[in-house]
Amino acid sequence: MSQHRVIVVGGGLAGLAASVRVAEAGLPVDLFSLVPVKRSHSVCAQGGINACNEVARQQGYSEYEHFDETIYGGDFLADQHPVLEMANWAPKIIDLLDRMGVPFNRTAEGKRDLRLFGGSLFKRTHFAGATTGQQLIYALDEQTRRYESEGKVTKYEYWEFLWPIIEEGRCVGIVAQDMRTMQVRAFRADAVIMATGGCGLVFGKSTNSIICNGAAAARCYQAGVWYGNPEMIQVHPTAIPGADKLRLMSESARGEGGRVWVPRKPGDTRAPRDIPEAERFYFLEEKYPAYGNIVPRDIATREIFDICVNQGMGVSGENQVYLDLTHKDPEYLTKKLGGILEIYEKFVGVDPRHEPMKIFPAVHYSMGGLWTQFTKGSYNPAEPRPKHKSGSPAPLGAEVGLGMQLGAINNMMTNVKGLYAFGEVNFAYHGANRLGANALLSCIFDGLFCGVSVVNYVRNDAPSKNPASDMPASAFDRVVEQENQKGQRLLATVGQGSADAATNPYIIGKELGDEMTAACTVVRTEPRLEQCLKKLGELKDRYARVRLPDDAPWSNQSFTYARAVGDMLAIADAVALGSKGRKESRGAHYRPDFPDRDDANFMKSSVARFDAATRSTTVAFEPIDASLILPTARTYGKKDVDSGAKKPAMAGAAS
Amino acid sequence: MTTATHLPPHAAEAARIAAANRARAVPGRKVYVKVLRCDGPGKPSRWETFQVTVERGSNVISMLQQIAASPVTADGRKTTPVVWDSGCLEEVCGACTMVINGKVRQSCSCLIDDYAPAEGDTITLEPMSKFPVVRDLWVDRSRLFHNLKRVKAWVPIDGTYSLGSGPTESPESQEQRYVMSTCMSCGCCLEACPQFNIEPDQSAWDTSFVGAHAINQARLFNEHETGKRLKAERLDALMSAGGINDCGNAQNCAKVCPKLIPLTESIGVIGRAVTIRAVAKFFSGR
């Protein structure tokens, strides 16, 4: 009997879906997480999960249109075949979650209720209150616990991934550290699935959890895994400014009718309810009559940023706009959006059912990530089709395997054999901008669909002939030694020299976040990016002299944090260099010095590669698979309007 | 200021006091954070006090971050950063639960303006007392997750293959299950429970009190169309040692639940179901 094992790093939706799928196929799983998996960042997802459904279908919607929306929403940067497969699978995923007991909101007849979300004119978003991510991860957490109680999944919670073990050209395990005892040890595996999410902490305050520092991905990157589209960072239009983080205010607030506005008179001091309709500027509704408040995130973000920063029209002269739900029935709001309204009320102390919320954009999601491969499915038209006309019949069905070949061993495998990347940590599916409620989908899809690929790889490829359990110990010991040395070097800095802001890891981390937010988010220009790269150089110099505040051999959090800061600097380099190299504007990436999309030169993935010898990043632009849909201008029907107070107010909310 | 009319009386009262404090809080003031620290299991505990600067919107997390960047006590002594558990910082993950001014709650949603509105006020932070301390404010809550296994808190599906949709459900049932399902396993209900005591010995976990959160989860899954297939097993677990009979009906659990889950109602429902099952078992002899 072979002793095959699979390691999953990360216990969010992608990691848990993968664990369940792989365990179910009969391979034992070792699941590593910085936190008890139930507390993973997936809990923060609010609005919902997209899938074609019977109601939308009978109005002309299809899986194909979901695919088309996702490609268009991502501004034609994603490889297209994997997106087709994901959209086709989406209804199956909803059904499965439903069987697992997710309390999806219901219609009077007891069917799953639907809501409107950004980038679509059809209701295709399934939801459980406004804490959909929490409810989905709980369902997968419960199924994982079931396998755990049967001995098929072993959890390593409060264990931190440190480095992949790459031997004979393939990944054969990881080195990890117990965050309580600080023990560092190697774990063998025939395949390793990274499902470690995004890198919001690189930008300091974001909507992400405190654990989303991108360090795990950065360690893979520094070990030789390529990183795709690092510059594609989603800034969510609506977040609540806070002292420790910027809390998300879900897109579902707009999907359920929330209206974004500012007073037409800059600096208007009246309370919002005292400002008459005609003196309010509903700028999204005026500029985008078709989509209104539910334009995709990058567009809403730039418009809000423009209103506040360029036009000085932010509420009370500050960087904030109103997100207004007060015209809706408070009971209805509690039923549909209770969870997020509570968050606002708890952290701001104002009830958004009765007073408009004040919001501003915040870093939210990383479309880019570890570079991954796939095997195209059976749908390969002679020429790409023109953009799908919304509501028209789909040109093809939704059978399994049209987009990606089910079970092909390279689906979502990185350039390192046996090392996979699932969920937000990979660069697939979302191109230059992710549509709301597609993230939960891509995470679970990766786990379920590409989990089969992992099983096939372990059973039929290199590991079947030469399992990791048979490899010599020296390969594993070497990486343990490397990580121990790194740790000892950091711990030895405690008490050395004088404590100083320049070498304080928390201050280096804060300056990194401030710099990345200023230079690499909503607006990016060549001179500012140059300045940013210079600053990153300075921070790296300072990091080389970092001084830790604590050398405790037990549960040393400041050590864990300080180590991660070094890795965050590597990701920051890739983000800044990708931003500088992409001399065009596309999706979330906006360059006023190159305001147009340039398909001839840049309808390509930026691929960052790390040179271990010089510790430097290079970025190359490489072709994508765009063989299914022809690119068109991504305008969402924009109209030019001015904010003049004399214009009559627009009527009608989005939904 | 609008009032929170949708809250139950105890929460509405807390919200009213918080709002009054917030109204008089002045940004830029200095307050003290007093932390009960401990270097690890078996090590003695000690108090350390830090002076911090409060801005509008400051919460316990941002104060601990301030201390981490400059770990010096109020009397000028150098120390180490305080260790604590945290995650989402928006009260949906449950990680950052601790005892603040004597009351258990999440530290992320604890705004300093609500608790320490005046210059020189003190806010005290202690680890939860019902779980073993790992270090400082970080406690080991593995037992809480273990107890979810005791009550088989899952739906026994036939695997992850495509087998059509799940059962239909009335909106009323969904609304009821949704509230129960927002339990984030934070452990507030256990900290407040006089019947739930610290138990570092893992071998005793299966016979010591499961607590309100696991009982609520048993009810959540018993009320799902497929989940109820395991109802008998769940009730049997809750009839054995450490089950529902250990509940002393103090009703503290529901008062501290940050998600306002009707925990006492869940305990009542499961209590009745256990009685019915016990009677049925008595007459059937099985």
# chains A, B, ... in the order shown; residues from 1 in each chain; ligands from 1

$ select_by_dssp --residues "region 26-141 of chain B" --states "strand (DSSP E)" --output "PyMOL selection string"
chain B and resi 30-38+45-53+97-100+103-106+122-126+133-135+138-139

$ interface_residues --of "chain B" --to "chain A" --cutoff "6 Å" --atoms "only C-alpha atoms" --output "ChimeraX atom specification"
/B:57-58,62,69,80,87-88,93,154-155,164-166,168-171,174,178

$ residues_around --residues "Ser142 (chain B)" --least-positions-apart "6" --cutoff "12 Å" --atoms "only C-alpha atoms" --output "MDAnalysis selection string"
(chainID A and resid 35:38 155:158) or (chainID B and resid 130:134 148:149 185:187 198:202 205)

$ atom_distance --atom1 "CA of Gly537 (chain A)" --atom2 "CA of Gly369 (chain A)"
22.1 Å

$ atom_distance --atom1 "CA of Ser378 (chain A)" --atom2 "CA of Tyr72 (chain A)"
22.0 Å

$ select_by_dssp --residues "region 16-194 of chain B" --states "alpha helix (DSSP H)" --output "number ranges by chain"
B: 16-24, 60-69, 112-115, 142-150, 171-181, 188-191

$ residues_around --residues "region 403-416 of chain A" --least-positions-apart "4" --cutoff "6 Å" --atoms "only C-alpha atoms" --output "list in words"
His81, Pro82, Leu84, Glu85, Arg170, Trp371, Thr372, Gln373, Phe374, Thr375, Lys376, Gly377, Tyr420, Ala421, Cys450, Val452, Ser453 and Tyr457 of chain A

$ decode --residues "region 552-593 of chain A" --atoms "N, CA and C atoms" --output "short mmCIF file (atom, residue, chain, number, x, y, z; two decimals), in the first residue's frame"
data_model
loop_
_atom_site.label_atom_id
_atom_site.label_comp_id
_atom_site.auth_asym_id
_atom_site.auth_seq_id
_atom_site.Cartn_x
_atom_site.Cartn_y
_atom_site.Cartn_z
N ALA A 552 11.36 35.55 23.03
CA ALA A 552 10.74 34.43 23.73
C ALA A 552 10.73 33.19 22.84
N PRO A 553 11.06 32.03 23.42
CA PRO A 553 11.05 30.79 22.65
C PRO A 553 9.66 30.17 22.56
N TRP A 554 8.65 30.90 22.94
CA TRP A 554 7.30 30.34 23.03
C TRP A 554 6.30 31.39 22.53
N SER A 555 5.46 31.02 21.57
CA SER A 555 4.36 31.87 21.09
C SER A 555 4.82 33.31 20.84
N ASN A 556 5.87 33.42 20.07
CA ASN A 556 6.46 34.74 19.83
C ASN A 556 5.85 35.38 18.58
N GLN A 557 4.79 36.16 18.81
CA GLN A 557 4.06 36.76 17.68
C GLN A 557 4.85 37.84 16.97
N SER A 558 5.66 38.59 17.71
CA SER A 558 6.38 39.67 17.02
C SER A 558 7.45 39.09 16.11
N PHE A 559 7.96 37.93 16.46
CA PHE A 559 8.90 37.22 15.58
C PHE A 559 8.17 36.80 14.30
N THR A 560 7.00 36.19 14.47
CA THR A 560 6.21 35.75 13.32
C THR A 560 5.92 36.92 12.39
N TYR A 561 5.52 38.04 13.00
CA TYR A 561 5.20 39.22 12.20
C TYR A 561 6.44 39.76 11.47
N ALA A 562 7.53 39.86 12.22
CA ALA A 562 8.75 40.44 11.63
C ALA A 562 9.24 39.58 10.46
N ARG A 563 9.15 38.28 10.61
CA ARG A 563 9.56 37.41 9.50
C ARG A 563 8.67 37.67 8.28
N ALA A 564 7.36 37.82 8.50
CA ALA A 564 6.44 38.03 7.38
C ALA A 564 6.72 39.35 6.66
N VAL A 565 7.16 40.37 7.42
CA VAL A 565 7.42 41.67 6.78
C VAL A 565 8.46 41.51 5.66
N GLY A 566 9.46 40.69 5.89
CA GLY A 566 10.48 40.45 4.86
C GLY A 566 9.87 39.86 3.60
N ASP A 567 8.91 38.97 3.78
CA ASP A 567 8.27 38.34 2.63
C ASP A 567 7.30 39.31 1.94
N MET A 568 6.65 40.15 2.75
CA MET A 568 5.74 41.13 2.16
C MET A 568 6.50 42.10 1.25
N LEU A 569 7.74 42.39 1.61
CA LEU A 569 8.55 43.28 0.79
C LEU A 569 8.81 42.67 -0.60
N ALA A 570 8.92 41.34 -0.66
CA ALA A 570 9.15 40.68 -1.95
C ALA A 570 7.92 40.79 -2.84
N ILE A 571 6.74 40.62 -2.25
CA ILE A 571 5.50 40.76 -3.01
C ILE A 571 5.31 42.22 -3.46
N ALA A 572 5.64 43.14 -2.56
CA ALA A 572 5.48 44.56 -2.88
C ALA A 572 6.31 44.92 -4.12
N ASP A 573 7.51 44.39 -4.19
CA ASP A 573 8.37 44.61 -5.36
C ASP A 573 7.67 44.17 -6.64
N ALA A 574 7.08 42.97 -6.59
CA ALA A 574 6.41 42.44 -7.78
C ALA A 574 5.22 43.32 -8.16
N VAL A 575 4.46 43.80 -7.16
CA VAL A 575 3.30 44.65 -7.44
C VAL A 575 3.76 45.96 -8.10
N ALA A 576 4.79 46.57 -7.53
CA ALA A 576 5.25 47.85 -8.05
C ALA A 576 5.86 47.69 -9.44
N LEU A 577 6.64 46.64 -9.64
CA LEU A 577 7.27 46.45 -10.96
C LEU A 577 6.23 46.07 -12.01
N GLY A 578 5.25 45.29 -11.64
CA GLY A 578 4.16 44.97 -12.57
C GLY A 578 3.41 46.23 -12.95
N SER A 579 3.16 47.09 -11.97
CA SER A 579 2.43 48.34 -12.22
C SER A 579 3.23 49.24 -13.16
N LYS A 580 4.52 49.25 -12.97
CA LYS A 580 5.38 50.10 -13.78
C LYS A 580 5.48 49.55 -15.21
N GLY A 581 5.57 48.23 -15.31
CA GLY A 581 5.75 47.61 -16.62
C GLY A 581 4.50 47.68 -17.49
N ARG A 582 3.35 47.66 -16.89
CA ARG A 582 2.10 47.65 -17.66
C ARG A 582 1.73 49.07 -18.05
N LYS A 583 2.20 49.47 -19.21
CA LYS A 583 2.01 50.86 -19.66
C LYS A 583 0.70 50.98 -20.43
N GLU A 584 -0.38 50.80 -19.74
CA GLU A 584 -1.73 50.90 -20.27
C GLU A 584 -2.66 51.01 -19.06
N SER A 585 -3.97 51.21 -19.34
CA SER A 585 -4.95 51.14 -18.25
C SER A 585 -5.89 49.99 -18.56
N ARG A 586 -6.10 49.14 -17.56
CA ARG A 586 -6.95 47.96 -17.76
C ARG A 586 -7.50 47.55 -16.40
N GLY A 587 -8.83 47.48 -16.31
CA GLY A 587 -9.45 47.03 -15.06
C GLY A 587 -9.00 47.88 -13.89
N ALA A 588 -8.52 47.19 -12.85
CA ALA A 588 -8.12 47.88 -11.64
C ALA A 588 -6.84 48.71 -11.81
N HIS A 589 -6.12 48.45 -12.88
CA HIS A 589 -4.83 49.10 -13.10
C HIS A 589 -5.04 50.35 -13.94
N TYR A 590 -4.96 51.53 -13.33
CA TYR A 590 -5.23 52.79 -14.03
C TYR A 590 -3.99 53.66 -14.04
N ARG A 591 -3.52 53.95 -15.25
CA ARG A 591 -2.34 54.78 -15.43
C ARG A 591 -2.76 56.04 -16.19
N PRO A 592 -2.89 57.18 -15.54
CA PRO A 592 -3.27 58.40 -16.27
C PRO A 592 -2.28 58.75 -17.38
N ASP A 593 -1.02 58.30 -17.22
CA ASP A 593 -0.04 58.57 -18.29
C ASP A 593 -0.25 57.63 -19.48
#
